[in-house]
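Text of upload30.pdb (PDB, C-alpha atoms) as supplied:
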ATOM      1  CA  MET A1187      82.653  78.106  58.664
ATOM      2  CA  SER A1188      84.463  74.857  57.927
ATOM      3  CA  ILE A1189      83.852  71.598  59.760
ATOM      4  CA  LYS A1190      87.471  71.619  60.935
ATOM      5  CA  LYS A1191      86.969  74.976  62.694
ATOM      6  CA  ILE A1192      83.729  73.761  64.269
ATOM      7  CA  ILE A1193      85.502  70.670  65.633
ATOM      8  CA  TYR A1194      88.264  72.867  67.073
ATOM      9  CA  ILE A1195      85.665  75.126  68.716
ATOM     10  CA  VAL A1196      83.799  72.160  70.238
ATOM     11  CA  LEU A1197      87.034  70.568  71.521
ATOM     12  CA  GLY A1198      88.171  73.936  72.860
ATOM     13  CA  CYS A1199      84.909  74.406  74.751
ATOM     14  CA  ILE A1200      85.139  70.889  76.188
ATOM     15  CA  GLY A1201      88.747  71.538  77.255
ATOM     16  CA  LEU A1202      87.768  74.871  78.792
ATOM     17  CA  GLY A1203      84.849  73.307  80.663
ATOM     18  CA  LEU A1204      86.932  70.453  82.036
ATOM     19  CA  GLY A1205      89.754  72.854  82.894
ATOM     20  CA  ALA A1206      87.335  75.102  84.799
ATOM     21  CA  VAL A1207      85.982  72.116  86.717
ATOM     22  CA  GLY A1208      89.555  70.974  87.365
ATOM     23  CA  ALA A1209      90.387  74.357  88.887
ATOM     24  CA  VAL A1210      87.810  73.579  91.587
ATOM     25  CA  LEU A1211      88.049  69.784  91.953
ATOM     26  CA  PRO A1212      91.415  68.533  93.176
ATOM     27  CA  LEU A1213      91.334  65.215  91.269
ATOM     28  CA  LEU A1214      90.743  66.666  87.814
ATOM     29  CA  PRO A1215      93.856  68.195  86.250
ATOM     30  CA  THR A1216      93.407  71.754  85.012
ATOM     31  CA  PHE A1217      96.568  72.253  82.983
ATOM     32  CA  PRO A1218      96.180  69.674  80.167
ATOM     33  CA  PHE A1219      92.560  70.643  79.521
ATOM     34  CA  LEU A1220      93.403  74.333  79.351
ATOM     35  CA  MET A1221      96.300  73.531  76.998
ATOM     36  CA  LEU A1222      93.807  71.662  74.807
ATOM     37  CA  ALA A1223      91.493  74.694  74.866
ATOM     38  CA  ALA A1224      94.362  77.065  74.004
ATOM     39  CA  PHE A1225      95.461  74.843  71.116
ATOM     40  CA  CYS A1226      91.943  74.461  69.715
ATOM     41  CA  PHE A1227      90.917  78.104  70.126
ATOM     42  CA  ALA A1228      94.137  79.267  68.451
ATOM     43  CA  ARG A1229      93.252  77.164  65.417
ATOM     44  CA  SER A1230      89.530  77.874  65.349
ATOM     45  CA  SER A1231      89.274  81.657  65.374
ATOM     46  CA  GLU A1232      91.303  84.701  66.328
ATOM     47  CA  ARG A1233      88.362  86.116  68.273
ATOM     48  CA  LEU A1234      88.008  83.007  70.469
ATOM     49  CA  ASN A1235      91.766  82.867  70.975
ATOM     50  CA  ASN A1236      91.877  86.512  72.081
ATOM     51  CA  TRP A1237      88.965  85.943  74.448
ATOM     52  CA  PHE A1238      90.511  82.806  75.970
ATOM     53  CA  THR A1239      93.937  84.370  76.484
ATOM     54  CA  GLY A1240      92.225  87.200  78.357
ATOM     55  CA  THR A1241      90.462  84.924  80.893
ATOM     56  CA  LYS A1242      91.602  84.549  84.486
ATOM     57  CA  LEU A1243      91.931  80.763  84.021
ATOM     58  CA  TYR A1244      94.439  81.270  81.226
ATOM     59  CA  LYS A1245      96.383  83.995  83.026
ATOM     60  CA  ASP A1246      96.614  82.021  86.290
ATOM     61  CA  ASN A1247      97.481  78.619  84.806
ATOM     62  CA  LEU A1248      99.024  78.903  81.340
ATOM     63  CA  GLU A1249     100.241  82.389  80.510
ATOM     64  CA  SER A1250     103.751  82.132  81.954
ATOM     65  CA  TYR A1251     104.220  78.570  80.640
ATOM     66  CA  VAL A1252     103.102  79.432  77.102
ATOM     67  CA  ALA A1253     105.356  82.504  77.151
ATOM     68  CA  GLY A1254     108.296  80.200  77.899
ATOM     69  CA  LYS A1255     108.914  81.589  81.365
ATOM     70  CA  GLY A1256     107.890  78.489  83.339
ATOM     71  CA  MET A1257     105.472  77.783  86.193
ATOM     72  CA  THR A1258     105.217  78.715  89.824
ATOM     73  CA  LYS A1259     106.209  76.095  92.376
ATOM     74  CA  LYS A1260     102.589  75.925  93.567
ATOM     75  CA  THR A1261     101.293  75.178  90.056
ATOM     76  CA  LYS A1262     103.959  72.534  89.432
ATOM     77  CA  ILE A1263     103.208  70.803  92.736
ATOM     78  CA  ARG A1264      99.448  70.897  92.090
ATOM     79  CA  ILE A1265      99.929  69.276  88.679
ATOM     80  CA  MET A1266     102.343  66.628  89.968
ATOM     81  CA  VAL A1267     100.105  65.691  92.920
ATOM     82  CA  THR A1268      97.005  65.440  90.737
ATOM     83  CA  VAL A1269      98.713  63.289  88.128
ATOM     84  CA  THR A1270     100.274  61.100  90.821
ATOM     85  CA  LEU A1271      96.883  60.475  92.437
ATOM     86  CA  LEU A1272      95.212  59.668  89.124
ATOM     87  CA  MET A1273      98.042  57.392  88.020
ATOM     88  CA  ALA A1274      98.017  55.643  91.399
ATOM     89  CA  ILE A1275      94.359  54.777  90.846
ATOM     90  CA  GLY A1276      95.216  53.320  87.429
ATOM     91  CA  PHE A1277      98.192  51.491  88.914
ATOM     92  CA  VAL A1278      96.039  49.846  91.580
ATOM     93  CA  MET A1279      93.360  48.914  89.056
ATOM     94  CA  MET A1280      95.974  47.199  86.836
ATOM     95  CA  HIS A1281      96.960  44.684  89.494
ATOM     96  CA  ALA A1282      96.733  41.821  86.998
ATOM     97  CA  VAL A1283      98.467  43.632  84.111
ATOM     98  CA  VAL A1284     102.160  43.751  84.957
ATOM     99  CA  VAL A1285     103.214  45.336  81.658
ATOM    100  CA  GLY A1286     100.569  48.052  82.090
ATOM    101  CA  ARG A1287     101.888  48.813  85.581
ATOM    102  CA  ILE A1288     105.448  49.073  84.262
ATOM    103  CA  VAL A1289     104.400  51.423  81.458
ATOM    104  CA  LEU A1290     102.338  53.545  83.862
ATOM    105  CA  ALA A1291     105.235  53.716  86.331
ATOM    106  CA  CYS A1292     107.616  54.825  83.556
ATOM    107  CA  VAL A1293     105.181  57.505  82.358
ATOM    108  CA  TRP A1294     104.802  58.727  85.954
ATOM    109  CA  VAL A1295     108.587  58.917  86.490
ATOM    110  CA  PHE A1296     109.109  60.801  83.210
ATOM    111  CA  HIS A1297     106.249  63.145  84.106
ATOM    112  CA  LEU A1298     107.874  63.983  87.438
ATOM    113  CA  LEU A1299     111.298  64.420  85.860
ATOM    114  CA  TYR A1300     109.850  66.737  83.212
ATOM    115  CA  PHE A1301     108.109  68.969  85.725
ATOM    116  CA  ILE A1302     111.035  68.999  88.152
ATOM    117  CA  PHE A1303     113.859  69.531  85.657
ATOM    118  CA  GLY A1304     112.224  70.462  82.325
ATOM    119  CA  VAL A1305     109.843  73.215  83.392
ATOM    120  CA  LYS A1306     111.486  76.307  84.819
ATOM    121  CA  THR A1307     110.244  77.383  88.272
ATOM    122  CA  ILE A1308     109.370  81.063  88.481
ATOM    123  CA  PRO A1309     108.565  83.114  91.594
ATOM    124  CA  ASP A1310     104.914  83.452  92.558
ATOM    125  CA  LYS A1311     103.434  86.819  91.487
ATOM    126  CA  SER A1312     101.118  87.045  94.499
ATOM    127  CA  VAL A1313     103.956  87.016  97.036
TER     128      VAL A1313
END
Mind converting the file's structure to structure tokens?
Amino acid sequence: MSIKKIIYIVLGCIGLGLGAVGAVLPLLPTFPFLMLAAFCFARSSERLNNWFTGTKLYKDNLESYVAGKGMTKKTKIRIMVTVTLLMAIGFVMMHAVVVGRIVLACVWVFHLLYFIFGVKTIPDKSV
């Protein structure tokens, strides 16, 4: 096994672990870590990729987005609230760095615009 594949496996496991913790803790975002895991597992081995795409975490959080269908309103709101809270903490901590606050505010606005207008909203399956 090549070193590149081992690095992808390790990063995928870290992303999966953080994504699983983020599914439980409201301040840790689930989506970006699970995307990292999906990316790394897809490049590391077909077996790991097949296993990951069969997990409940993947099916509940990423499956519809990766398939190009979009996200449920609940998932989009959860992601936007989490990112807003985390960016607000960074914004407050940068009280002396005006340029950093401006950059962070721009990233936050573009993040909201992307999730509101760029990601299609699909109906919730559980309803």
Requested in this report: Rank A:Phe1227, A:Phe1219, A:Phe1277, A:Tyr1300 by their smallest atom-to-atom distance to Gly1256 (chain A), using all atoms listed in the file, and report the top residue only.
Outcome: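 Smallest separation from Gly1256 (chain A) among the options: A:Tyr1300.
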Check which residues satisfy the PyMOL selection byres ((chain A and resi 1247) around 9) in the file shown, then give them as a short mmCIF file (atom, residue, chain, number, x, y, z; two decimals) with C-alpha atoms, in the frame of the given file.
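File written: out_13.cif
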data_model
loop_
_atom_site.label_atom_id
_atom_site.label_comp_id
_atom_site.auth_asym_id
_atom_site.auth_seq_id
_atom_site.Cartn_x
_atom_site.Cartn_y
_atom_site.Cartn_z
CA THR A 1216 93.41 71.75 85.01
CA PHE A 1217 96.57 72.25 82.98
CA LEU A 1220 93.40 74.33 79.35
CA LYS A 1242 91.60 84.55 84.49
CA LEU A 1243 91.93 80.76 84.02
CA TYR A 1244 94.44 81.27 81.23
CA LYS A 1245 96.38 84.00 83.03
CA ASP A 1246 96.61 82.02 86.29
CA LEU A 1248 99.02 78.90 81.34
CA GLU A 1249 100.24 82.39 80.51
CA SER A 1250 103.75 82.13 81.95
CA TYR A 1251 104.22 78.57 80.64
CA MET A 1257 105.47 77.78 86.19
CA THR A 1261 101.29 75.18 90.06
#
Take every atom of region 1268-1283 of chain A listed in the file, fit an axis-aligned box around them, add 3 Å per side, and give the centre and edge lengths in Å to one decimal as lines of an AutoDock Vina configuration file.
center_x = 96.8
center_y = 53.6
center_z = 88.3
size_x = 12.9
size_y = 29.6
size_z = 14.3
Query raised in the report: What do you get, as a count of residues only, if you spell out every residue that the PyMOL selection byres ((chain A and resi 1200-1205) around 9) selects here?
Result: 24
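Between CA of Lys1191 (chain A) and CA of Arg1233 (chain A) there is a distance of 12.5 Å.
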Just write region 1195-1245 of chain A with N, CA and C atoms, as a CSV table (one decimal), in the first residue's frame, taken from the block above.
chain,number,residue,atom,x,y,z
A,1195,ILE,N,-6.4,7.4,4.0
A,1195,ILE,CA,-7.1,6.6,5.0
A,1195,ILE,C,-7.1,7.3,6.3
A,1196,VAL,N,-5.9,7.8,6.8
A,1196,VAL,CA,-5.8,8.5,8.1
A,1196,VAL,C,-6.7,9.7,8.1
A,1197,LEU,N,-6.6,10.5,7.0
A,1197,LEU,CA,-7.4,11.8,7.0
A,1197,LEU,C,-8.9,11.4,6.9
A,1198,GLY,N,-9.2,10.4,6.2
A,1198,GLY,CA,-10.6,9.9,6.1
A,1198,GLY,C,-11.2,9.5,7.5
A,1199,CYS,N,-10.4,8.8,8.2
A,1199,CYS,CA,-10.8,8.4,9.6
A,1199,CYS,C,-10.9,9.6,10.5
A,1200,ILE,N,-10.0,10.5,10.4
A,1200,ILE,CA,-10.1,11.7,11.2
A,1200,ILE,C,-11.4,12.5,10.9
A,1201,GLY,N,-11.6,12.7,9.6
A,1201,GLY,CA,-12.8,13.3,9.1
A,1201,GLY,C,-14.1,12.6,9.6
A,1202,LEU,N,-14.1,11.3,9.5
A,1202,LEU,CA,-15.2,10.5,10.0
A,1202,LEU,C,-15.4,10.7,11.5
A,1203,GLY,N,-14.4,10.6,12.2
A,1203,GLY,CA,-14.5,10.8,13.7
A,1203,GLY,C,-15.0,12.1,14.1
A,1204,LEU,N,-14.4,13.2,13.5
A,1204,LEU,CA,-14.9,14.5,13.8
A,1204,LEU,C,-16.3,14.8,13.3
A,1205,GLY,N,-16.7,14.2,12.1
A,1205,GLY,CA,-18.1,14.3,11.6
A,1205,GLY,C,-19.0,13.6,12.6
A,1206,ALA,N,-18.6,12.4,13.1
A,1206,ALA,CA,-19.5,11.7,14.0
A,1206,ALA,C,-19.7,12.5,15.3
A,1207,VAL,N,-18.6,13.1,15.8
A,1207,VAL,CA,-18.7,13.9,17.0
A,1207,VAL,C,-19.6,15.1,16.7
A,1208,GLY,N,-19.5,15.7,15.5
A,1208,GLY,CA,-20.2,16.9,15.1
A,1208,GLY,C,-21.7,16.6,15.0
A,1209,ALA,N,-22.1,15.3,14.7
A,1209,ALA,CA,-23.5,14.9,14.6
A,1209,ALA,C,-24.1,15.0,16.0
A,1210,VAL,N,-23.3,14.9,17.1
A,1210,VAL,CA,-23.9,14.9,18.4
A,1210,VAL,C,-23.7,16.3,19.0
A,1211,LEU,N,-22.5,16.9,18.9
A,1211,LEU,CA,-22.3,18.2,19.4
A,1211,LEU,C,-22.7,19.3,18.5
A,1212,PRO,N,-23.5,20.3,19.0
A,1212,PRO,CA,-24.0,21.3,18.1
A,1212,PRO,C,-23.0,22.3,17.6
A,1213,LEU,N,-21.9,22.5,18.2
A,1213,LEU,CA,-20.9,23.5,17.8
A,1213,LEU,C,-19.9,23.0,16.8
A,1214,LEU,N,-19.8,21.7,16.6
A,1214,LEU,CA,-18.9,21.1,15.7
A,1214,LEU,C,-19.6,20.8,14.4
A,1215,PRO,N,-19.2,21.3,13.2
A,1215,PRO,CA,-19.9,21.1,12.0
A,1215,PRO,C,-19.7,19.6,11.5
A,1216,THR,N,-20.8,19.0,11.1
A,1216,THR,CA,-20.7,17.6,10.6
A,1216,THR,C,-20.3,17.5,9.2
A,1217,PHE,N,-21.0,18.4,8.4
A,1217,PHE,CA,-20.9,18.3,6.9
A,1217,PHE,C,-19.5,18.4,6.3
A,1218,PRO,N,-18.7,19.4,6.7
A,1218,PRO,CA,-17.4,19.5,6.1
A,1218,PRO,C,-16.4,18.3,6.4
A,1219,PHE,N,-16.6,17.8,7.6
A,1219,PHE,CA,-15.7,16.6,8.0
A,1219,PHE,C,-16.2,15.4,7.3
A,1220,LEU,N,-17.5,15.2,7.1
A,1220,LEU,CA,-17.9,14.0,6.4
A,1220,LEU,C,-17.6,14.1,4.9
A,1221,MET,N,-17.6,15.3,4.3
A,1221,MET,CA,-17.1,15.6,3.0
A,1221,MET,C,-15.6,15.2,2.8
A,1222,LEU,N,-14.8,15.6,3.8
A,1222,LEU,CA,-13.4,15.2,3.8
A,1222,LEU,C,-13.3,13.7,3.9
A,1223,ALA,N,-14.1,13.0,4.7
A,1223,ALA,CA,-14.0,11.6,4.8
A,1223,ALA,C,-14.4,10.9,3.5
A,1224,ALA,N,-15.5,11.4,2.8
A,1224,ALA,CA,-15.9,10.9,1.5
A,1224,ALA,C,-14.8,11.1,0.5
A,1225,PHE,N,-14.2,12.2,0.4
A,1225,PHE,CA,-13.1,12.5,-0.5
A,1225,PHE,C,-12.0,11.6,-0.3
A,1226,CYS,N,-11.5,11.5,0.9
A,1226,CYS,CA,-10.3,10.6,1.2
A,1226,CYS,C,-10.6,9.2,1.0
A,1227,PHE,N,-11.8,8.7,1.5
A,1227,PHE,CA,-12.1,7.3,1.3
A,1227,PHE,C,-12.2,6.9,-0.2
A,1228,ALA,N,-12.8,7.8,-1.0
A,1228,ALA,CA,-12.9,7.5,-2.4
A,1228,ALA,C,-11.5,7.4,-3.1
A,1229,ARG,N,-10.5,8.1,-2.6
A,1229,ARG,CA,-9.2,8.0,-3.1
A,1229,ARG,C,-8.3,7.0,-2.5
A,1230,SER,N,-8.7,6.4,-1.4
A,1230,SER,CA,-7.8,5.5,-0.7
A,1230,SER,C,-8.1,4.0,-1.1
A,1231,SER,N,-9.4,3.6,-1.0
A,1231,SER,CA,-9.7,2.3,-1.4
A,1231,SER,C,-11.2,2.2,-1.7
A,1232,GLU,N,-11.5,1.3,-2.7
A,1232,GLU,CA,-12.9,1.1,-3.1
A,1232,GLU,C,-13.7,0.5,-1.9
A,1233,ARG,N,-13.0,-0.4,-1.2
A,1233,ARG,CA,-13.7,-1.1,-0.1
A,1233,ARG,C,-14.1,-0.1,1.0
A,1234,LEU,N,-13.2,0.8,1.4
A,1234,LEU,CA,-13.5,1.8,2.4
A,1234,LEU,C,-14.6,2.8,1.9
A,1235,ASN,N,-14.5,3.1,0.6
A,1235,ASN,CA,-15.5,4.0,0.0
A,1235,ASN,C,-16.9,3.4,0.0
A,1236,ASN,N,-17.0,2.1,-0.3
A,1236,ASN,CA,-18.3,1.4,-0.3
A,1236,ASN,C,-18.8,1.3,1.1
A,1237,TRP,N,-17.9,1.0,2.1
A,1237,TRP,CA,-18.4,1.0,3.5
A,1237,TRP,C,-18.9,2.3,3.9
A,1238,PHE,N,-18.2,3.4,3.7
A,1238,PHE,CA,-18.5,4.7,4.1
A,1238,PHE,C,-19.9,5.2,3.5
A,1239,THR,N,-20.0,4.9,2.2
A,1239,THR,CA,-21.3,5.4,1.6
A,1239,THR,C,-22.5,4.5,2.0
A,1240,GLY,N,-22.2,3.4,2.7
A,1240,GLY,CA,-23.3,2.7,3.3
A,1240,GLY,C,-23.7,3.0,4.7
A,1241,THR,N,-22.9,3.9,5.4
A,1241,THR,CA,-23.2,4.3,6.8
A,1241,THR,C,-24.4,5.2,6.9
A,1242,LYS,N,-25.0,5.2,8.0
A,1242,LYS,CA,-26.1,6.1,8.3
A,1242,LYS,C,-25.7,7.6,8.3
A,1243,LEU,N,-24.5,7.8,8.8
A,1243,LEU,CA,-24.0,9.2,8.8
A,1243,LEU,C,-23.9,9.8,7.3
A,1244,TYR,N,-23.4,9.0,6.4
A,1244,TYR,CA,-23.3,9.4,5.0
A,1244,TYR,C,-24.7,9.6,4.4
A,1245,LYS,N,-25.6,8.6,4.6
A,1245,LYS,CA,-26.9,8.6,4.1
A,1245,LYS,C,-27.7,9.8,4.6
